[in-house]
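Source file: data_0.pdb (PDB, C-alpha atoms)
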MODEL        1
ATOM      1  CA  MET A   1      -6.242  20.932 -13.254  1.00  0.00           C
ATOM      2  CA  SER A   2      -7.657  17.438 -13.867  1.00  0.00           C
ATOM      3  CA  ASN A   3      -7.654  14.796 -11.143  1.00  0.00           C
ATOM      4  CA  TRP A   4      -5.358  12.589 -13.219  1.00  0.00           C
ATOM      5  CA  VAL A   5      -2.772  15.355 -13.520  1.00  0.00           C
ATOM      6  CA  LYS A   6      -2.995  15.960  -9.775  1.00  0.00           C
ATOM      7  CA  THR A   7      -2.509  12.246  -9.157  1.00  0.00           C
ATOM      8  CA  ILE A   8       0.607  12.083 -11.337  1.00  0.00           C
ATOM      9  CA  LEU A   9       2.033  15.182  -9.654  1.00  0.00           C
ATOM     10  CA  PHE A  10       1.342  13.688  -6.224  1.00  0.00           C
ATOM     11  CA  LEU A  11       3.073  10.455  -7.201  1.00  0.00           C
ATOM     12  CA  VAL A  12       6.137  12.263  -8.516  1.00  0.00           C
ATOM     13  CA  GLY A  13       6.190  14.567  -5.502  1.00  0.00           C
ATOM     14  CA  SER A  14       5.819  11.712  -3.018  1.00  0.00           C
ATOM     15  CA  ALA A  15       8.606   9.772  -4.762  1.00  0.00           C
ATOM     16  CA  LEU A  16      10.948  12.748  -4.454  1.00  0.00           C
ATOM     17  CA  LEU A  17      10.019  13.617  -0.873  1.00  0.00           C
ATOM     18  CA  THR A  18      10.148  10.076   0.482  1.00  0.00           C
ATOM     19  CA  HIS A  19      13.562   9.484  -1.059  1.00  0.00           C
ATOM     20  CA  TRP A  20      14.874  12.487   0.870  1.00  0.00           C
ATOM     21  CA  ILE A  21      13.576  10.998   4.127  1.00  0.00           C
ATOM     22  CA  PRO A  22      15.239   7.853   5.545  1.00  0.00           C
ATOM     23  CA  SER A  23      12.274   5.630   4.706  1.00  0.00           C
ATOM     24  CA  SER A  24      13.747   2.349   3.441  1.00  0.00           C
ATOM     25  CA  PHE A  25      12.551   0.407   6.494  1.00  0.00           C
ATOM     26  CA  PHE A  26       8.956   1.600   6.095  1.00  0.00           C
ATOM     27  CA  ARG A  27       8.763   0.609   2.425  1.00  0.00           C
ATOM     28  CA  ASN A  28       8.334  -2.960   3.596  1.00  0.00           C
ATOM     29  CA  LEU A  29       4.822  -2.011   4.745  1.00  0.00           C
ATOM     30  CA  ASP A  30       3.584  -2.152   1.153  1.00  0.00           C
ATOM     31  CA  THR A  31       5.312  -5.511   0.654  1.00  0.00           C
ATOM     32  CA  MET A  32       3.700  -6.866   3.822  1.00  0.00           C
ATOM     33  CA  VAL A  33       0.237  -5.799   2.661  1.00  0.00           C
ATOM     34  CA  HIS A  34       0.887  -7.264  -0.799  1.00  0.00           C
ATOM     35  CA  GLU A  35       1.869 -10.672   0.590  1.00  0.00           C
ATOM     36  CA  PHE A  36      -0.914 -10.543   3.183  1.00  0.00           C
ATOM     37  CA  GLY A  37      -3.381 -10.117   0.309  1.00  0.00           C
ATOM     38  CA  HIS A  38      -2.049 -13.272  -1.364  1.00  0.00           C
ATOM     39  CA  ALA A  39      -2.322 -15.180   1.925  1.00  0.00           C
ATOM     40  CA  VAL A  40      -5.876 -14.101   2.760  1.00  0.00           C
ATOM     41  CA  VAL A  41      -7.241 -14.978  -0.687  1.00  0.00           C
ATOM     42  CA  THR A  42      -5.431 -18.316  -0.588  1.00  0.00           C
ATOM     43  CA  LEU A  43      -7.124 -19.161   2.704  1.00  0.00           C
ATOM     44  CA  ALA A  44     -10.480 -17.868   1.451  1.00  0.00           C
ATOM     45  CA  LEU A  45     -10.256 -20.332  -1.447  1.00  0.00           C
ATOM     46  CA  SER A  46      -9.461 -23.242   0.895  1.00  0.00           C
ATOM     47  CA  GLY A  47      -5.771 -23.230   0.090  1.00  0.00           C
ATOM     48  CA  LYS A  48      -2.912 -23.551   2.551  1.00  0.00           C
ATOM     49  CA  VAL A  49      -0.373 -20.838   3.318  1.00  0.00           C
ATOM     50  CA  MET A  50       2.915 -22.391   4.377  1.00  0.00           C
ATOM     51  CA  TYR A  51       4.796 -19.171   5.129  1.00  0.00           C
ATOM     52  CA  ILE A  52       5.680 -15.678   3.938  1.00  0.00           C
ATOM     53  CA  GLU A  53       9.153 -14.214   3.642  1.00  0.00           C
ATOM     54  CA  LEU A  54       9.885 -10.476   3.614  1.00  0.00           C
ATOM     55  CA  TYR A  55      13.290  -9.277   2.455  1.00  0.00           C
ATOM     56  CA  ALA A  56      15.414  -6.207   3.103  1.00  0.00           C
ATOM     57  CA  ASP A  57      15.246  -5.170  -0.583  1.00  0.00           C
ATOM     58  CA  HIS A  58      11.460  -4.643  -0.164  1.00  0.00           C
ATOM     59  CA  SER A  59      10.578  -7.819  -2.012  1.00  0.00           C
ATOM     60  CA  GLY A  60       8.616 -10.734  -0.604  1.00  0.00           C
ATOM     61  CA  VAL A  61       7.177 -14.117  -1.430  1.00  0.00           C
ATOM     62  CA  THR A  62       4.225 -16.194  -0.241  1.00  0.00           C
ATOM     63  CA  TYR A  63       4.638 -19.959  -0.276  1.00  0.00           C
ATOM     64  CA  SER A  64       1.277 -21.677  -0.515  1.00  0.00           C
ATOM     65  CA  SER A  65      -0.551 -24.637  -1.979  1.00  0.00           C
ATOM     66  CA  ILE A  66      -3.978 -24.680  -3.611  1.00  0.00           C
ATOM     67  CA  SER A  67      -6.184 -27.594  -4.524  1.00  0.00           C
ATOM     68  CA  LYS A  68      -7.839 -26.081  -7.606  1.00  0.00           C
ATOM     69  CA  SER A  69      -5.742 -24.788 -10.502  1.00  0.00           C
ATOM     70  CA  TRP A  70      -8.090 -21.892 -11.255  1.00  0.00           C
ATOM     71  CA  SER A  71      -7.463 -20.515  -7.749  1.00  0.00           C
ATOM     72  CA  ILE A  72      -4.045 -19.262  -8.871  1.00  0.00           C
ATOM     73  CA  ILE A  73      -5.802 -16.484 -10.804  1.00  0.00           C
ATOM     74  CA  PRO A  74      -7.507 -14.682  -7.875  1.00  0.00           C
ATOM     75  CA  VAL A  75      -4.512 -15.431  -5.633  1.00  0.00           C
ATOM     76  CA  SER A  76      -2.136 -13.833  -8.144  1.00  0.00           C
ATOM     77  CA  LEU A  77      -4.464 -10.869  -8.610  1.00  0.00           C
ATOM     78  CA  ALA A  78      -4.735 -10.274  -4.870  1.00  0.00           C
ATOM     79  CA  GLY A  79      -1.240  -8.984  -4.113  1.00  0.00           C
ATOM     80  CA  TYR A  80      -1.017  -5.788  -6.146  1.00  0.00           C
ATOM     81  CA  MET A  81      -4.736  -5.109  -5.930  1.00  0.00           C
ATOM     82  CA  THR A  82      -4.731  -5.376  -2.120  1.00  0.00           C
ATOM     83  CA  ALA A  83      -1.768  -3.004  -1.891  1.00  0.00           C
ATOM     84  CA  SER A  84      -3.512  -0.482  -4.153  1.00  0.00           C
ATOM     85  CA  ILE A  85      -6.773  -0.641  -2.215  1.00  0.00           C
ATOM     86  CA  PHE A  86      -4.857  -0.312   1.062  1.00  0.00           C
ATOM     87  CA  ALA A  87      -3.176   2.908  -0.106  1.00  0.00           C
ATOM     88  CA  TRP A  88      -6.610   4.265  -1.053  1.00  0.00           C
ATOM     89  CA  PHE A  89      -7.937   3.242   2.364  1.00  0.00           C
ATOM     90  CA  LEU A  90      -5.169   5.134   4.172  1.00  0.00           C
ATOM     91  CA  PHE A  91      -5.989   8.395   2.402  1.00  0.00           C
ATOM     92  CA  SER A  92      -9.734   7.885   2.808  1.00  0.00           C
ATOM     93  CA  ALA A  93      -9.225   7.331   6.543  1.00  0.00           C
ATOM     94  CA  TYR A  94      -7.115  10.489   6.731  1.00  0.00           C
ATOM     95  CA  ALA A  95      -9.810  12.450   4.911  1.00  0.00           C
ATOM     96  CA  LYS A  96     -12.310  11.367   7.575  1.00  0.00           C
ATOM     97  CA  GLY A  97      -9.935  12.187  10.435  1.00  0.00           C
ATOM     98  CA  LYS A  98      -9.517   8.501  11.277  1.00  0.00           C
ATOM     99  CA  GLN A  99      -5.736   8.292  11.387  1.00  0.00           C
ATOM    100  CA  ARG A 100      -5.906   6.242  14.582  1.00  0.00           C
ATOM    101  CA  LEU A 101      -8.020   3.642  12.792  1.00  0.00           C
ATOM    102  CA  GLY A 102      -5.510   3.518   9.951  1.00  0.00           C
ATOM    103  CA  LEU A 103      -2.632   2.924  12.353  1.00  0.00           C
ATOM    104  CA  GLN A 104      -4.635   0.294  14.228  1.00  0.00           C
ATOM    105  CA  VAL A 105      -5.306  -1.547  10.951  1.00  0.00           C
ATOM    106  CA  MET A 106      -1.567  -1.500  10.169  1.00  0.00           C
ATOM    107  CA  ILE A 107      -0.820  -2.976  13.605  1.00  0.00           C
ATOM    108  CA  ALA A 108      -3.512  -5.645  13.176  1.00  0.00           C
ATOM    109  CA  ILE A 109      -2.210  -6.749   9.756  1.00  0.00           C
ATOM    110  CA  SER A 110       1.343  -6.811  11.114  1.00  0.00           C
ATOM    111  CA  ALA A 111       0.304  -8.894  14.122  1.00  0.00           C
ATOM    112  CA  LEU A 112      -1.629 -11.400  12.000  1.00  0.00           C
ATOM    113  CA  SER A 113       1.264 -11.662   9.549  1.00  0.00           C
ATOM    114  CA  LEU A 114       3.706 -12.268  12.394  1.00  0.00           C
ATOM    115  CA  VAL A 115       1.594 -14.878  14.171  1.00  0.00           C
ATOM    116  CA  LEU A 116       0.284 -16.748  11.145  1.00  0.00           C
ATOM    117  CA  PHE A 117       2.595 -16.342   8.185  1.00  0.00           C
ATOM    118  CA  VAL A 118       6.024 -14.669   8.357  1.00  0.00           C
ATOM    119  CA  ARG A 119       8.894 -16.955   9.344  1.00  0.00           C
ATOM    120  CA  ASN A 120      12.188 -15.547   8.035  1.00  0.00           C
ATOM    121  CA  GLY A 121      14.531 -13.501  10.234  1.00  0.00           C
ATOM    122  CA  PHE A 122      14.274 -10.133   8.494  1.00  0.00           C
ATOM    123  CA  GLY A 123      10.511 -10.409   8.169  1.00  0.00           C
ATOM    124  CA  ILE A 124      10.081 -11.087  11.887  1.00  0.00           C
ATOM    125  CA  MET A 125      12.458  -8.253  12.783  1.00  0.00           C
ATOM    126  CA  PHE A 126      10.586  -5.826  10.555  1.00  0.00           C
ATOM    127  CA  LEU A 127       7.151  -6.749  11.901  1.00  0.00           C
ATOM    128  CA  VAL A 128       8.202  -6.564  15.561  1.00  0.00           C
ATOM    129  CA  GLY A 129       9.997  -3.247  15.027  1.00  0.00           C
ATOM    130  CA  PHE A 130       7.203  -1.733  12.968  1.00  0.00           C
ATOM    131  CA  MET A 131       4.500  -2.750  15.440  1.00  0.00           C
ATOM    132  CA  ALA A 132       6.484  -1.448  18.413  1.00  0.00           C
ATOM    133  CA  LEU A 133       7.154   1.907  16.752  1.00  0.00           C
ATOM    134  CA  THR A 134       3.568   2.299  15.543  1.00  0.00           C
ATOM    135  CA  ILE A 135       2.152   1.490  18.980  1.00  0.00           C
ATOM    136  CA  ILE A 136       4.470   4.086  20.548  1.00  0.00           C
ATOM    137  CA  VAL A 137       3.423   6.695  17.976  1.00  0.00           C
ATOM    138  CA  LEU A 138      -0.242   5.860  18.483  1.00  0.00           C
ATOM    139  CA  ALA A 139      -0.130   5.924  22.275  1.00  0.00           C
ATOM    140  CA  LEU A 140       2.513   8.452  23.281  1.00  0.00           C
ATOM    141  CA  THR A 141       3.182  11.077  20.621  1.00  0.00           C
ATOM    142  CA  PRO A 142       1.411  14.417  20.052  1.00  0.00           C
ATOM    143  CA  ASN A 143      -1.120  14.663  17.253  1.00  0.00           C
ATOM    144  CA  TRP A 144       1.171  16.538  14.864  1.00  0.00           C
ATOM    145  CA  LEU A 145       3.854  13.829  15.068  1.00  0.00           C
ATOM    146  CA  ARG A 146       1.276  11.056  14.745  1.00  0.00           C
ATOM    147  CA  ASP A 147      -0.152  12.731  11.649  1.00  0.00           C
ATOM    148  CA  PHE A 148       3.330  13.152  10.146  1.00  0.00           C
ATOM    149  CA  TYR A 149       4.083   9.468  10.735  1.00  0.00           C
ATOM    150  CA  TYR A 150       0.722   8.454   9.284  1.00  0.00           C
ATOM    151  CA  LEU A 151       1.140  10.558   6.145  1.00  0.00           C
ATOM    152  CA  LEU A 152       4.691   9.309   5.642  1.00  0.00           C
ATOM    153  CA  LEU A 153       3.376   5.734   5.603  1.00  0.00           C
ATOM    154  CA  ALA A 154       0.391   6.677   3.443  1.00  0.00           C
ATOM    155  CA  PHE A 155       2.523   8.391   0.798  1.00  0.00           C
ATOM    156  CA  LEU A 156       5.029   5.534   0.804  1.00  0.00           C
ATOM    157  CA  CYS A 157       2.215   3.040   0.244  1.00  0.00           C
ATOM    158  CA  LEU A 158       0.767   5.246  -2.495  1.00  0.00           C
ATOM    159  CA  GLU A 159       4.103   5.468  -4.268  1.00  0.00           C
ATOM    160  CA  GLU A 160       4.974   1.786  -3.891  1.00  0.00           C
ATOM    161  CA  SER A 161       1.482   0.638  -4.906  1.00  0.00           C
ATOM    162  CA  VAL A 162       1.879   2.365  -8.285  1.00  0.00           C
ATOM    163  CA  PHE A 163       5.587   2.062  -9.040  1.00  0.00           C
ATOM    164  CA  GLY A 164       5.615  -1.614  -8.019  1.00  0.00           C
ATOM    165  CA  PRO A 165       3.214  -2.843 -10.722  1.00  0.00           C
ATOM    166  CA  SER A 166       4.512  -0.325 -13.249  1.00  0.00           C
ATOM    167  CA  SER A 167       7.953  -1.935 -12.944  1.00  0.00           C
ATOM    168  CA  LEU A 168       6.309  -5.220 -13.981  1.00  0.00           C
ATOM    169  CA  ILE A 169       5.694  -3.710 -17.407  1.00  0.00           C
ATOM    170  CA  LEU A 170       9.446  -3.370 -17.933  1.00  0.00           C
ATOM    171  CA  TYR A 171      10.141  -6.847 -16.552  1.00  0.00           C
ATOM    172  CA  ALA A 172       7.421  -8.375 -18.729  1.00  0.00           C
ATOM    173  CA  TRP A 173       8.740  -6.536 -21.778  1.00  0.00           C
ATOM    174  CA  GLN A 174      12.294  -7.772 -21.216  1.00  0.00           C
ATOM    175  CA  ASN A 175      11.414 -11.301 -20.114  1.00  0.00           C
ATOM    176  CA  SER A 176       7.828 -12.463 -19.733  1.00  0.00           C
ATOM    177  CA  ARG A 177       8.945 -15.142 -17.257  1.00  0.00           C
ATOM    178  CA  SER A 178      10.402 -12.649 -14.779  1.00  0.00           C
ATOM    179  CA  ALA A 179       7.283 -10.581 -14.075  1.00  0.00           C
ATOM    180  CA  GLY A 180       6.131 -12.258 -10.852  1.00  0.00           C
ATOM    181  CA  ASP A 181       2.360 -12.278 -10.460  1.00  0.00           C
ATOM    182  CA  ALA A 182       1.890 -11.192 -14.070  1.00  0.00           C
ATOM    183  CA  THR A 183       3.874 -14.245 -15.196  1.00  0.00           C
ATOM    184  CA  ASN A 184       1.722 -16.574 -13.073  1.00  0.00           C
ATOM    185  CA  LEU A 185      -1.418 -15.091 -14.577  1.00  0.00           C
ATOM    186  CA  ALA A 186      -0.036 -15.369 -18.099  1.00  0.00           C
ATOM    187  CA  MET A 187       0.803 -19.043 -17.584  1.00  0.00           C
ATOM    188  CA  HIS A 188      -2.727 -19.862 -16.416  1.00  0.00           C
ATOM    189  CA  THR A 189      -4.779 -17.655 -18.749  1.00  0.00           C
ATOM    190  CA  GLY A 190      -2.809 -17.368 -21.972  1.00  0.00           C
ATOM    191  CA  ILE A 191      -2.996 -13.565 -21.738  1.00  0.00           C
ATOM    192  CA  PRO A 192       0.511 -12.062 -22.057  1.00  0.00           C
ATOM    193  CA  ALA A 193       2.251 -10.995 -18.856  1.00  0.00           C
ATOM    194  CA  ILE A 194       2.667  -7.447 -20.126  1.00  0.00           C
ATOM    195  CA  VAL A 195      -1.126  -7.113 -20.429  1.00  0.00           C
ATOM    196  CA  TRP A 196      -1.559  -8.159 -16.808  1.00  0.00           C
ATOM    197  CA  ALA A 197       1.215  -5.773 -15.763  1.00  0.00           C
ATOM    198  CA  ILE A 198      -0.525  -2.891 -17.538  1.00  0.00           C
ATOM    199  CA  GLY A 199      -3.817  -3.906 -15.909  1.00  0.00           C
ATOM    200  CA  PHE A 200      -2.234  -3.878 -12.431  1.00  0.00           C
ATOM    201  CA  THR A 201      -0.759  -0.450 -13.124  1.00  0.00           C
ATOM    202  CA  LEU A 202      -4.027   1.032 -14.381  1.00  0.00           C
ATOM    203  CA  PHE A 203      -5.874  -0.280 -11.331  1.00  0.00           C
ATOM    204  CA  ALA A 204      -3.178   1.141  -9.047  1.00  0.00           C
ATOM    205  CA  LEU A 205      -3.440   4.535 -10.757  1.00  0.00           C
ATOM    206  CA  TRP A 206      -7.222   4.513 -10.361  1.00  0.00           C
ATOM    207  CA  CYS A 207      -6.928   3.734  -6.642  1.00  0.00           C
ATOM    208  CA  ALA A 208      -4.252   6.412  -6.316  1.00  0.00           C
ATOM    209  CA  LYS A 209      -6.581   8.925  -7.950  1.00  0.00           C
ATOM    210  CA  GLN A 210      -9.318   8.091  -5.453  1.00  0.00           C
ATOM    211  CA  GLY A 211      -6.879   8.490  -2.582  1.00  0.00           C
ATOM    212  CA  VAL A 212      -5.525  11.811  -3.832  1.00  0.00           C
ATOM    213  CA  GLN A 213      -9.063  13.126  -4.327  1.00  0.00           C
ATOM    214  CA  ALA A 214      -9.904  12.180  -0.736  1.00  0.00           C
ATOM    215  CA  PHE A 215      -6.740  13.856   0.543  1.00  0.00           C
ATOM    216  CA  LEU A 216      -7.323  17.049  -1.419  1.00  0.00           C
ATOM    217  CA  GLY A 217     -10.993  17.044  -0.400  1.00  0.00           C
ATOM    218  CA  ARG A 218     -10.029  17.060   3.267  1.00  0.00           C
ATOM    219  CA  SER A 219      -7.481  19.846   2.736  1.00  0.00           C
ATOM    220  CA  LYS A 220     -10.049  21.938   0.857  1.00  0.00           C
ATOM    221  CA  GLY A 221     -12.639  21.303   3.573  1.00  0.00           C
ATOM    222  CA  ALA A 222     -10.191  22.338   6.293  1.00  0.00           C
ATOM    223  CA  ARG A 223      -9.386  25.606   4.520  1.00  0.00           C
ATOM    224  CA  SER A 224     -13.082  26.314   4.010  1.00  0.00           C
ATOM    225  CA  SER A 225     -13.811  25.711   7.698  1.00  0.00           C
ATOM    226  CA  SER A 226     -11.001  28.031   8.688  1.00  0.00           C
ATOM    227  CA  ARG A 227     -12.368  30.811   6.521  1.00  0.00           C
ATOM    228  CA  GLN A 228     -15.856  30.320   7.901  1.00  0.00           C
ATOM    229  CA  SER A 229     -14.590  30.355  11.483  1.00  0.00           C
ATOM    230  CA  GLY A 230     -12.752  33.586  10.821  1.00  0.00           C
ATOM    231  CA  ALA A 231     -15.844  35.238   9.392  1.00  0.00           C
ATOM    232  CA  ALA A 232     -17.926  34.208  12.382  1.00  0.00           C
ATOM    233  CA  ALA A 233     -15.353  35.620  14.782  1.00  0.00           C
ATOM    234  CA  TYR A 234     -15.356  38.910  12.873  1.00  0.00           C
ATOM    235  CA  ARG A 235     -19.131  39.234  13.047  1.00  0.00           C
ATOM    236  CA  ASP A 236     -19.054  38.650  16.797  1.00  0.00           C
TER     237      ASP A 236
ENDMDL
END
Spit out the file's structure as structure tokens when you get a sec.
Amino acid sequence: MSNWVKTILFLVGSALLTHWIPSSFFRNLDTMVHEFGHAVVTLALSGKVMYIELYADHSGVTYSSISKSWSIIPVSLAGYMTASIFAWFLFSAYAKGKQRLGLQVMIAISALSLVLFVRNGFGIMFLVGFMALTIIVLALTPNWLRDFYYLLLAFLCLEESVFGPSSLILYAWQNSRSAGDATNLAMHTGIPAIVWAIGFTLFALWCAKQGVQAFLGRSKGARSSSRQSGAAAYRD
């Protein structure tokens, strides 16, 4: 089975599984990372981030000002691309057995977002609640529960990182002015919003493929180690 087929199956499977689990609250993690990406690139290009708002419907917005018009292009690119890379990072960390690092990175991004950027009521509530729960899981729970929590977040980020930009294709098709970041890019480059939406989706799928490969590589390695351990015990 090709890696692309495996990726699509993982995405469909994660969408089904995560909708059976009460996971609405945690879906805001992907939104937080998306908006954090906008904010960091804005600051890197000497812009000013006024504030970020996160909403209960898993949407968000970053209010910022930039001094150079061309800066809107990398800033607009940053949101979906950061979310896609973050999902890849979570699975790569899991493949290396570094779930604690992954959770610590989530806490760090949440803390920075809370202190520097997020100002609306729901956004603050989400960040405080998410950080508190993640710290408890990291510090007090057994490994199996920590791993379950980590994988739940990783699969949610994987799903959201792909289905988020793919929905832009539909929005851009119906109304090119309602496609968020793709619309901003279209206005400043002359390239249609639907092209940018497709580009975001293809990049997200590529990152998802890398993440799935890392996840499956760890699972395969674990099974191989188990078989080798069993053989050694038999010879003894």
(message) To test your reading of the syntax: which residues would the PyMOL selection byres ((chain A and resi 27-32) around 8) return for the file shown? Reply as a PyMOL selection string.
(response) chain A and resi 23-26+33-36+54+56+58-60+83+110+113+126+153+156-157+160-161
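The spacing separating atom CA of A:Ala193 from atom CA of A:Leu170 amounts to 10.5 Å.
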List the neighbours of A:Asp147 out to 10 Å using only C-alpha atoms; skip same-chain residues closer than 6 positions along the sequence, and give me the result as a JSON list (two decimals) with C-alpha atoms, keeping the file's coordinate frame.
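result-v8.json, freshly written:
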[["chain", "number", "residue", "atom", "x", "y", "z"],
["A", 94, "TYR", "CA", -7.12, 10.49, 6.73],
["A", 97, "GLY", "CA", -9.94, 12.19, 10.44],
["A", 99, "GLN", "CA", -5.74, 8.29, 11.39],
["A", 100, "ARG", "CA", -5.91, 6.24, 14.58],
["A", 137, "VAL", "CA", 3.42, 6.70, 17.98],
["A", 138, "LEU", "CA", -0.24, 5.86, 18.48],
["A", 141, "THR", "CA", 3.18, 11.08, 20.62],
["A", 153, "LEU", "CA", 3.38, 5.73, 5.60]]
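Residues surrounding A:Val49 within 12 Å are A:Glu35, A:Phe36, A:Gly37, A:His38, A:Ala39, A:Val40, A:Val41, A:Thr42, A:Leu43, A:Ala44, A:Leu45, A:Ser46, A:Gly47, A:Tyr51, A:Ile52, A:Glu53, A:Val61, A:Thr62, A:Tyr63, A:Ser64, A:Ser65, A:Ile66, A:Ser67, A:Val75, A:Ser113, A:Leu116, A:Phe117, A:Val118, A:Arg119 [only C-alpha atoms; sequence separation below 2 positions excluded].
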Selected residues written out with C-alpha atoms, as a short mmCIF file (atom, residue, chain, number, x, y, z; two decimals), keeping the file's coordinate frame:
data_model
loop_
_atom_site.label_atom_id
_atom_site.label_comp_id
_atom_site.auth_asym_id
_atom_site.auth_seq_id
_atom_site.Cartn_x
_atom_site.Cartn_y
_atom_site.Cartn_z
CA GLU A 35 1.87 -10.67 0.59
CA PHE A 36 -0.91 -10.54 3.18
CA GLY A 37 -3.38 -10.12 0.31
CA HIS A 38 -2.05 -13.27 -1.36
CA ALA A 39 -2.32 -15.18 1.92
CA VAL A 40 -5.88 -14.10 2.76
CA VAL A 41 -7.24 -14.98 -0.69
CA THR A 42 -5.43 -18.32 -0.59
CA LEU A 43 -7.12 -19.16 2.70
CA ALA A 44 -10.48 -17.87 1.45
CA LEU A 45 -10.26 -20.33 -1.45
CA SER A 46 -9.46 -23.24 0.90
CA GLY A 47 -5.77 -23.23 0.09
CA TYR A 51 4.80 -19.17 5.13
CA ILE A 52 5.68 -15.68 3.94
CA GLU A 53 9.15 -14.21 3.64
CA VAL A 61 7.18 -14.12 -1.43
CA THR A 62 4.22 -16.19 -0.24
CA TYR A 63 4.64 -19.96 -0.28
CA SER A 64 1.28 -21.68 -0.52
CA SER A 65 -0.55 -24.64 -1.98
CA ILE A 66 -3.98 -24.68 -3.61
CA SER A 67 -6.18 -27.59 -4.52
CA VAL A 75 -4.51 -15.43 -5.63
CA SER A 113 1.26 -11.66 9.55
CA LEU A 116 0.28 -16.75 11.14
CA PHE A 117 2.60 -16.34 8.18
CA VAL A 118 6.02 -14.67 8.36
CA ARG A 119 8.89 -16.95 9.34
#
(request) Report the distance between atom CA of A:Ala87 and atom CA of A:Leu158 in Å, rounded to one decimal place. (result) 5.2 Å
(message) Could you tell me how far atom CA of A:Gly199 sits from atom CA of A:Ile72, in Å to one decimal place?
(response) 16.9 Å
